[in-house]
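> Supplied structure: coords.txt, compact mmCIF, C-alpha atoms.
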```txt
# COMPACT_ATOMS: atom_id res chain seq x y z
CA ALA X 1 37.47 7.89 13.75
CA GLY X 2 39.76 8.88 10.93
CA GLY X 3 39.82 7.58 7.42
CA PHE X 4 40.49 8.62 3.85
CA ASP X 5 43.56 10.80 4.51
CA GLU X 6 44.21 9.72 8.12
CA PRO X 7 47.17 7.47 8.94
CA ALA X 8 46.40 3.86 9.76
CA VAL X 9 47.43 2.72 13.24
CA VAL X 10 48.16 -0.94 13.95
CA GLY X 11 45.61 -2.25 16.42
CA GLU X 12 42.91 0.24 15.46
CA TYR X 13 39.93 -0.61 13.27
CA VAL X 14 38.31 -0.17 9.89
CA PHE X 15 34.60 0.64 10.18
CA ASN X 16 31.67 -0.19 7.94
CA ASP X 17 31.32 3.47 6.93
CA GLY X 18 34.84 3.59 5.45
CA THR X 19 36.55 5.40 8.32
CA TRP X 20 39.25 3.93 10.50
CA GLY X 21 40.50 4.65 13.99
CA LYS X 22 39.77 3.82 17.63
CA LEU X 23 36.71 2.03 19.01
CA GLU X 24 34.68 5.17 19.62
CA ASN X 25 31.08 6.21 19.04
CA ILE X 26 30.00 2.72 18.00
CA SER X 27 26.48 2.60 16.58
CA ALA X 28 24.34 0.82 14.03
CA THR X 29 25.90 3.01 11.33
CA HIS X 30 29.47 2.99 12.66
CA TYR X 31 30.87 -0.34 13.79
CA PRO X 32 34.19 -2.19 13.26
CA ILE X 33 34.62 -4.76 10.49
CA ALA X 34 38.40 -5.27 10.46
CA VAL X 35 41.49 -4.73 12.61
CA ILE X 36 44.51 -2.94 11.14
CA PHE X 37 47.68 -5.05 11.21
CA SER X 38 50.02 -2.99 9.03
CA ASN X 39 50.47 0.69 8.21
CA SER X 40 52.61 0.03 5.12
CA THR X 41 51.80 -1.74 1.86
CA SER X 42 53.57 -3.53 -0.99
CA GLU X 43 54.93 -1.70 -4.01
CA ALA X 44 52.19 -3.28 -6.14
CA ASP X 45 49.51 -1.97 -3.79
CA LYS X 46 51.09 1.48 -3.60
CA ALA X 47 50.97 1.65 -7.40
CA LYS X 48 47.21 1.04 -7.23
CA GLY X 49 46.66 3.71 -4.58
CA TYR X 50 46.46 1.41 -1.57
CA THR X 51 48.96 3.33 0.51
CA HIS X 52 47.63 3.33 4.09
CA GLY X 53 47.88 -0.27 5.28
CA TYR X 54 46.11 -3.60 5.68
CA ALA X 55 43.33 -4.88 7.90
CA MET X 56 41.98 -8.37 8.69
CA ALA X 57 38.33 -9.30 9.05
CA LEU X 58 36.94 -9.64 12.57
CA VAL X 59 35.11 -12.84 11.70
CA GLN X 60 35.97 -16.01 9.82
CA ALA X 61 33.62 -17.14 7.09
CA GLY X 62 32.74 -19.93 4.74
CA PRO X 63 33.23 -23.64 5.45
CA ALA X 64 36.52 -25.49 5.76
CA CYS X 65 37.62 -25.74 2.15
CA VAL X 66 40.44 -26.53 -0.25
CA TRP X 67 42.76 -23.91 -1.77
CA ALA X 68 41.81 -25.24 -5.19
CA THR X 69 40.63 -28.47 -6.73
CA SER X 70 43.30 -30.58 -8.42
CA SER X 71 41.50 -30.26 -11.77
CA ALA X 72 41.11 -26.46 -11.73
CA LYS X 73 42.45 -24.72 -14.80
CA GLY X 74 45.67 -22.85 -14.06
CA VAL X 75 46.05 -24.48 -10.65
CA ASN X 76 49.74 -25.16 -11.32
CA ALA X 77 50.53 -21.65 -12.61
CA PRO X 78 52.31 -19.53 -9.98
CA VAL X 79 50.26 -16.65 -8.65
CA GLN X 80 53.39 -14.81 -7.52
CA ASP X 81 56.54 -14.05 -9.53
CA LYS X 82 58.28 -17.08 -8.06
CA PHE X 83 57.38 -19.88 -5.71
CA LEU X 84 58.19 -19.12 -2.08
CA THR X 85 60.78 -21.55 -0.73
CA ASN X 86 62.73 -19.60 1.90
CA ILE X 87 61.63 -17.79 5.02
CA ALA X 88 62.80 -14.33 3.93
CA ASP X 89 60.69 -14.42 0.75
CA ILE X 90 57.74 -15.94 2.61
CA LYS X 91 57.67 -13.14 5.19
CA ALA X 92 58.14 -10.49 2.50
CA ASP X 93 55.16 -11.52 0.35
CA MET X 94 52.53 -8.81 0.89
CA ASP X 95 50.74 -9.15 -2.44
CA GLY X 96 47.61 -11.06 -1.50
CA ARG X 97 45.46 -8.65 -3.51
CA SER X 98 47.50 -9.19 -6.69
CA GLU X 99 47.65 -12.95 -6.12
CA THR X 100 43.91 -13.13 -5.57
CA ASN X 101 43.28 -11.10 -8.72
CA LYS X 102 45.48 -13.47 -10.72
CA VAL X 103 43.34 -16.41 -9.63
CA LEU X 104 40.19 -14.44 -10.45
CA GLY X 105 41.50 -13.99 -13.98
CA LEU X 106 41.75 -17.72 -14.71
CA SER X 107 39.35 -18.97 -17.35
CA ASP X 108 37.48 -21.38 -15.08
CA ALA X 109 37.07 -18.74 -12.37
CA LYS X 110 35.18 -16.16 -14.42
CA THR X 111 31.81 -16.78 -12.80
CA ALA X 112 30.98 -17.07 -9.11
CA ASP X 113 29.93 -20.69 -9.54
CA GLU X 114 33.17 -21.60 -11.31
CA LEU X 115 35.23 -19.86 -8.65
CA LYS X 116 33.32 -21.59 -5.85
CA THR X 117 33.81 -24.99 -7.50
CA ASN X 118 37.46 -24.66 -8.50
CA TYR X 119 39.00 -22.13 -6.09
CA PRO X 120 36.70 -22.14 -3.07
CA SER X 121 39.06 -20.35 -0.66
CA PHE X 122 39.25 -17.44 -3.08
CA TYR X 123 35.48 -17.54 -3.56
CA TYR X 124 34.75 -17.26 0.15
CA ALA X 125 37.32 -14.47 0.56
CA THR X 126 36.14 -12.36 -2.39
CA HIS X 127 32.43 -12.94 -1.70
CA PHE X 128 32.87 -12.12 1.98
CA GLY X 129 30.55 -9.28 2.91
CA THR X 130 27.61 -10.68 0.93
CA GLU X 131 24.57 -12.82 1.61
CA ASP X 132 26.27 -15.65 -0.32
CA VAL X 133 28.90 -16.29 2.36
CA ASN X 134 28.01 -17.21 5.92
CA VAL X 135 30.01 -16.89 9.10
CA TYR X 136 32.19 -19.96 9.65
CA GLY X 137 30.13 -22.81 11.09
CA ALA X 138 26.78 -21.17 10.38
CA THR X 139 24.32 -22.54 7.83
CA SER X 140 22.51 -19.26 7.27
CA GLY X 141 22.91 -15.54 7.80
CA GLY X 142 25.28 -14.01 5.29
CA THR X 143 28.09 -11.59 6.03
CA SER X 144 26.59 -8.55 4.27
CA ALA X 145 27.06 -6.46 7.43
CA LEU X 146 30.79 -6.68 6.69
CA LYS X 147 30.64 -5.38 3.13
CA ALA X 148 33.86 -3.56 2.23
CA PRO X 149 33.26 0.21 2.05
CA ASP X 150 34.01 2.12 -1.14
CA ASN X 151 37.30 3.70 -0.11
CA VAL X 152 39.13 0.46 0.66
CA SER X 153 39.90 -2.52 -1.55
CA PRO X 154 37.46 -5.38 -1.97
CA TRP X 155 38.00 -8.28 0.43
CA TYR X 156 40.60 -10.78 -0.77
CA LEU X 157 42.59 -13.80 0.38
CA GLY X 158 45.66 -12.45 2.15
CA SER X 159 49.19 -13.59 1.37
CA ILE X 160 51.39 -15.62 3.72
CA GLY X 161 53.45 -12.51 4.53
CA GLN X 162 50.33 -10.55 5.41
CA TYR X 163 49.15 -13.18 7.87
CA TYR X 164 52.66 -13.30 9.31
CA LEU X 165 52.27 -9.56 10.00
CA VAL X 166 48.95 -10.28 11.72
CA ALA X 167 50.83 -12.56 14.11
CA LYS X 168 53.84 -10.28 14.49
CA ASN X 169 52.07 -6.94 14.83
CA LEU X 170 48.94 -7.98 16.72
CA GLY X 171 49.98 -11.16 18.55
CA GLY X 172 52.54 -9.38 20.68
CA ASN X 173 55.06 -12.17 21.25
CA MET X 174 57.00 -12.45 17.99
CA SER X 175 58.63 -9.03 17.68
CA ASP X 176 62.09 -10.52 18.26
CA GLU X 177 61.89 -13.29 15.66
CA THR X 178 64.60 -13.15 12.99
CA ASP X 179 64.90 -15.27 9.85
CA ALA X 180 67.39 -17.45 11.74
CA SER X 181 64.85 -18.03 14.54
CA TRP X 182 62.58 -20.06 12.29
CA LYS X 183 62.98 -23.81 12.14
CA THR X 184 62.04 -25.80 9.07
CA GLY X 185 60.45 -29.18 8.53
CA GLY X 186 61.79 -30.77 5.39
CA SER X 187 62.17 -27.29 3.87
CA THR X 188 58.42 -27.20 3.22
CA TYR X 189 57.19 -25.47 6.37
CA TRP X 190 58.64 -23.02 8.85
CA TYR X 191 57.77 -22.56 12.51
CA VAL X 192 58.67 -20.91 15.78
CA GLU X 193 58.25 -22.81 19.01
CA GLY X 194 56.18 -21.94 22.06
CA LYS X 195 54.39 -19.03 20.40
CA SER X 196 50.98 -20.09 19.09
CA PHE X 197 48.84 -20.01 22.25
CA ASP X 198 49.89 -16.55 23.41
CA ASN X 199 49.97 -15.24 19.85
CA ALA X 200 46.42 -16.33 19.09
CA ALA X 201 45.31 -14.80 22.38
CA GLY X 202 47.12 -11.57 21.52
CA VAL X 203 45.42 -11.28 18.15
CA SER X 204 42.08 -12.20 19.68
CA LYS X 205 42.31 -9.36 22.21
CA TYR X 206 41.54 -6.96 19.38
CA ILE X 207 38.63 -9.08 18.20
CA THR X 208 37.22 -9.35 21.72
CA ALA X 209 37.54 -5.60 22.22
CA ALA X 210 35.51 -5.00 19.08
CA ALA X 211 32.85 -7.47 20.21
CA GLU X 212 32.61 -5.84 23.63
CA ALA X 213 32.29 -2.36 22.12
CA MET X 214 29.50 -3.53 19.84
CA THR X 215 27.69 -5.27 22.68
CA LYS X 216 27.92 -2.17 24.87
CA ALA X 217 26.47 -0.09 22.04
CA GLY X 218 23.71 -2.60 21.35
CA VAL X 219 24.97 -3.30 17.82
CA THR X 220 23.98 -6.77 16.62
CA ALA X 221 25.01 -6.60 12.96
CA TYR X 222 27.30 -9.60 13.53
CA THR X 223 29.50 -11.04 16.29
CA PRO X 224 33.31 -10.87 15.91
CA GLY X 225 34.96 -14.28 16.25
CA GLU X 226 38.28 -15.00 17.98
CA ILE X 227 41.17 -17.12 16.72
CA THR X 228 41.09 -20.17 18.99
CA CYS X 229 44.22 -22.11 19.88
CA ASN X 230 44.95 -24.36 22.85
CA SER X 231 46.44 -27.76 23.67
CA SER X 232 43.65 -29.55 21.81
CA TYR X 233 42.63 -27.02 19.16
CA THR X 234 44.42 -25.70 16.09
CA THR X 235 43.26 -22.92 13.78
CA TRP X 236 44.65 -22.46 10.29
CA TYR X 237 43.71 -20.47 7.21
CA TRP X 238 44.67 -20.77 3.59
CA THR X 239 46.58 -17.85 2.08
CA SER X 240 46.87 -16.70 -1.55
CA SER X 241 50.53 -17.77 -1.70
CA GLU X 242 52.16 -20.93 -3.06
CA PHE X 243 55.13 -23.06 -2.06
CA SER X 244 55.02 -25.07 -5.27
CA ALA X 245 52.73 -25.92 -8.18
CA GLY X 246 50.77 -28.34 -6.01
CA HIS X 247 51.08 -26.78 -2.57
CA GLY X 248 49.48 -23.65 -1.15
CA PHE X 249 50.61 -21.84 2.00
CA ASN X 250 48.56 -21.76 5.15
CA VAL X 251 49.12 -19.90 8.41
CA ASP X 252 48.70 -22.12 11.44
CA TRP X 253 48.28 -21.50 15.18
CA GLY X 254 49.07 -25.04 16.31
CA GLU X 255 47.85 -27.01 19.32
CA ASP X 256 51.50 -28.09 19.74
CA GLY X 257 52.46 -24.52 20.62
CA LEU X 258 54.10 -23.95 17.24
CA PHE X 259 53.19 -21.08 14.94
CA TYR X 260 53.57 -22.24 11.32
CA LEU X 261 54.01 -20.70 7.91
CA ASN X 262 53.20 -23.95 6.18
CA GLY X 263 53.78 -24.82 2.52
CA ASN X 264 53.46 -28.55 3.10
CA LEU X 265 49.77 -29.08 2.22
CA ASP X 266 48.34 -30.03 -1.15
CA LYS X 267 46.06 -27.36 -2.57
CA SER X 268 43.23 -29.90 -2.52
CA TYR X 269 43.70 -30.66 1.21
CA VAL X 270 41.13 -29.82 3.87
CA ASP X 271 40.49 -30.96 7.43
CA ALA X 272 38.61 -29.96 10.57
CA ASN X 273 41.30 -27.50 11.66
CA ASN X 274 40.72 -25.31 8.60
CA ARG X 275 38.60 -22.42 9.85
CA GLY X 276 37.29 -21.32 6.48
CA VAL X 277 38.83 -18.00 5.49
CA ARG X 278 39.57 -14.75 7.31
CA PRO X 279 40.05 -12.24 4.50
CA VAL X 280 42.04 -9.03 4.24
CA LEU X 281 41.50 -5.59 2.71
CA ALA X 282 43.85 -2.76 1.76
CA LEU X 283 43.30 0.84 2.86
CA SER X 284 43.29 3.75 0.46
CA PHE X 285 42.14 7.33 0.21
CA LEU X 286 40.94 6.55 -3.32
CA ASN X 287 37.39 5.62 -4.21
CA THR X 288 37.77 2.17 -5.76
```
Any chance you could put this one into structure tokens?

Amino acid sequence: AGGFDEPAVVGEYVFNDGTWGKLENISATHYPIAVIFSNSTSEADKAKGYTHGYAMALVQAGPACVWATSSAKGVNAPVQDKFLTNIADIKADMDGRSETNKVLGLSDAKTADELKTNYPSFYYATHFGTEDVNVYGATSGGTSALKAPDNVSPWYLGSIGQYYLVAKNLGGNMSDETDASWKTGGSTYWYVEGKSFDNAAGVSKYITAAAEAMTKAGVTAYTPGEITCNSSYTTWYWTSSEFSAGHGFNVDWGEDGLFYLNGNLDKSYVDANNRGVRPVLALSFLNT
């Protein structure tokens, strides 16, 4: 495995020891925690030294939860420079780390308890990799085996553009989508048709490969979890991005076959299709 000064390759992995590369030499001290979905970063991340790329966690964690409660302080303040209301800006937003940090700076999110109460999606993303956050659906057994190593960023709630890159770069069936290919529903959500099933399966191939490598090596630190999508099952995750003061963006692999970048849901909305969070980290050669 590479790492530190090695280039990041889409479809390869970040390991618990801070290296990244192929699924090789898996052991109790060297196992995958995230899959790389981009080898470029935003200007804001470059300025902070996160120059190598982005990776998504191999497991989803926390319960189904709201983006924020309606009474949370600062809930109506934009976390990005402007609200995202067109597909080009939505796809271009790669600043999940900055957006997450803005939420963490709000006065009623200073302590872990305040963050969990008022901005639970951000709590579960930023406390991922600890004993305080369990794997999605589990009532015990924290995610400390997935602690972010020192030479990458802390875990955070990814932006809508970052999760779009997960689908585009790992899913394998959206490489030809242009801005004009996306349809819109009331100008509050955008979708492409006939993509979600194969796309979720494409992303999950990387998760399954990690699980198989760990099983073969006898590593039981945790079990990677796929993104499930079929004719009766939708998976969606909140992102750090906002469509409006009252609406957060989620990424959605729909049971209707549609893949959504959805700004149509109130920040205080939650339902059974919300699979907790699946956080992101940024790669750097710097010790953060």
> Per residue of stretch 36-78 of chain X within 9 Å of stretch 103-106 of chain X, note the shortest atom pair and the distance in Å to one decimal, counting all atoms listed in the file, and order the rows by chain and increasing residue number, as CSV.

```
residue,atom,partner,partner_atom,distance
X:Lys73,CA,X:Leu106,CA,7.0
X:Gly74,CA,X:Leu106,CA,6.5
X:Val75,CA,X:Val103,CA,8.6
```
> My list of candidates is X:Glu24, X:Glu177, X:Asp81, X:Glu12. Which is closest to X:Ile36 when distances are computed with all atoms listed in the file?
X:Glu12
> Can you tell me, as a ChimeraX atom specification, what residues are no more than 8 Å from X:Ala148 when counting only C-alpha atoms, ignoring any on the same chain fewer than 5 positions away?
/X:16,18,129,153-155,281
> Have a look at atom CA of X:Gln162 and atom CA of X:Thr188 and let me know their distance in Å, one decimal.
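It comes out at 18.6 Å.
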> Need the shell around stretch 96-98 of chain X: protein/DNA/RNA residues with any atom at most 12 Å away, counting all atoms listed in the file. Skip same-chain ones fewer than 6 positions apart. Format as a short mmCIF file (atom, residue, chain, number, x, y, z; two decimals) with C-alpha atoms, keeping the file's coordinate frame?

```cif
data_model
loop_
_atom_site.label_atom_id
_atom_site.label_comp_id
_atom_site.auth_asym_id
_atom_site.auth_seq_id
_atom_site.Cartn_x
_atom_site.Cartn_y
_atom_site.Cartn_z
CA THR X 41 51.80 -1.74 1.86
CA SER X 42 53.57 -3.53 -0.99
CA GLU X 43 54.93 -1.70 -4.01
CA ALA X 44 52.19 -3.28 -6.14
CA ASP X 45 49.51 -1.97 -3.79
CA LYS X 46 51.09 1.48 -3.60
CA ALA X 47 50.97 1.65 -7.40
CA LYS X 48 47.21 1.04 -7.23
CA TYR X 50 46.46 1.41 -1.57
CA TYR X 54 46.11 -3.60 5.68
CA MET X 56 41.98 -8.37 8.69
CA PRO X 78 52.31 -19.53 -9.98
CA VAL X 79 50.26 -16.65 -8.65
CA GLN X 80 53.39 -14.81 -7.52
CA ASP X 81 56.54 -14.05 -9.53
CA ILE X 90 57.74 -15.94 2.61
CA LEU X 104 40.19 -14.44 -10.45
CA GLY X 105 41.50 -13.99 -13.98
CA PHE X 122 39.25 -17.44 -3.08
CA ALA X 125 37.32 -14.47 0.56
CA THR X 126 36.14 -12.36 -2.39
CA VAL X 152 39.13 0.46 0.66
CA SER X 153 39.90 -2.52 -1.55
CA PRO X 154 37.46 -5.38 -1.97
CA TRP X 155 38.00 -8.28 0.43
CA TYR X 156 40.60 -10.78 -0.77
CA LEU X 157 42.59 -13.80 0.38
CA GLY X 158 45.66 -12.45 2.15
CA SER X 159 49.19 -13.59 1.37
CA ILE X 160 51.39 -15.62 3.72
CA GLY X 161 53.45 -12.51 4.53
CA GLN X 162 50.33 -10.55 5.41
CA TYR X 163 49.15 -13.18 7.87
CA TRP X 238 44.67 -20.77 3.59
CA THR X 239 46.58 -17.85 2.08
CA SER X 240 46.87 -16.70 -1.55
CA SER X 241 50.53 -17.77 -1.70
CA GLU X 242 52.16 -20.93 -3.06
CA PHE X 249 50.61 -21.84 2.00
CA PRO X 279 40.05 -12.24 4.50
CA VAL X 280 42.04 -9.03 4.24
CA LEU X 281 41.50 -5.59 2.71
CA ALA X 282 43.85 -2.76 1.76
CA LEU X 283 43.30 0.84 2.86
#
```
> Work out how far apart atom CA of X:Leu265 and atom CA of X:Phe243 are and give it in Å to one decimal.
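So the answer is 9.1 Å.
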> One decimal, in Å: what's the spacing between atom CA of X:Thr85 and atom CA of X:Ala245?
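About the pair atom CA of X:Thr85 and atom CA of X:Ala245: they are 11.8 Å apart.
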> Please provide as a ChimeraX atom specification all residues within 12 Å of X:Phe197, with the sequence filter that same-chain residues fewer than 2 positions apart are discarded (counting only C-alpha atoms).
/X:167,171-174,192-195,199-204,227-235,252-259
> Please list as a ChimeraX atom specification every residue within 12 Å of X:Glu131, counting all atoms listed in the file and excluding residues in the same chain fewer than 4 positions away.
/X:61-62,124,127,135,139-147
> Any chance you can output those residues with C-alpha atoms as a PDB file, in the coordinates of the input?

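selection.pdb, freshly written:
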```
ATOM      1  CA  ALA X  61      33.620 -17.140   7.090  1.00  0.00           C
ATOM      2  CA  GLY X  62      32.740 -19.930   4.740  1.00  0.00           C
ATOM      3  CA  TYR X 124      34.750 -17.260   0.150  1.00  0.00           C
ATOM      4  CA  HIS X 127      32.430 -12.940  -1.700  1.00  0.00           C
ATOM      5  CA  VAL X 135      30.010 -16.890   9.100  1.00  0.00           C
ATOM      6  CA  THR X 139      24.320 -22.540   7.830  1.00  0.00           C
ATOM      7  CA  SER X 140      22.510 -19.260   7.270  1.00  0.00           C
ATOM      8  CA  GLY X 141      22.910 -15.540   7.800  1.00  0.00           C
ATOM      9  CA  GLY X 142      25.280 -14.010   5.290  1.00  0.00           C
ATOM     10  CA  THR X 143      28.090 -11.590   6.030  1.00  0.00           C
ATOM     11  CA  SER X 144      26.590  -8.550   4.270  1.00  0.00           C
ATOM     12  CA  ALA X 145      27.060  -6.460   7.430  1.00  0.00           C
ATOM     13  CA  LEU X 146      30.790  -6.680   6.690  1.00  0.00           C
ATOM     14  CA  LYS X 147      30.640  -5.380   3.130  1.00  0.00           C
TER      15      LYS X 147
END
```
> With all atoms listed in the file as the atoms that count, which of X:Ser27, X:Gln60, X:Ser284, X:Ser196 lies nearest to X:Asn39?
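Closest to X:Asn39, using all atoms listed in the file: X:Ser284.
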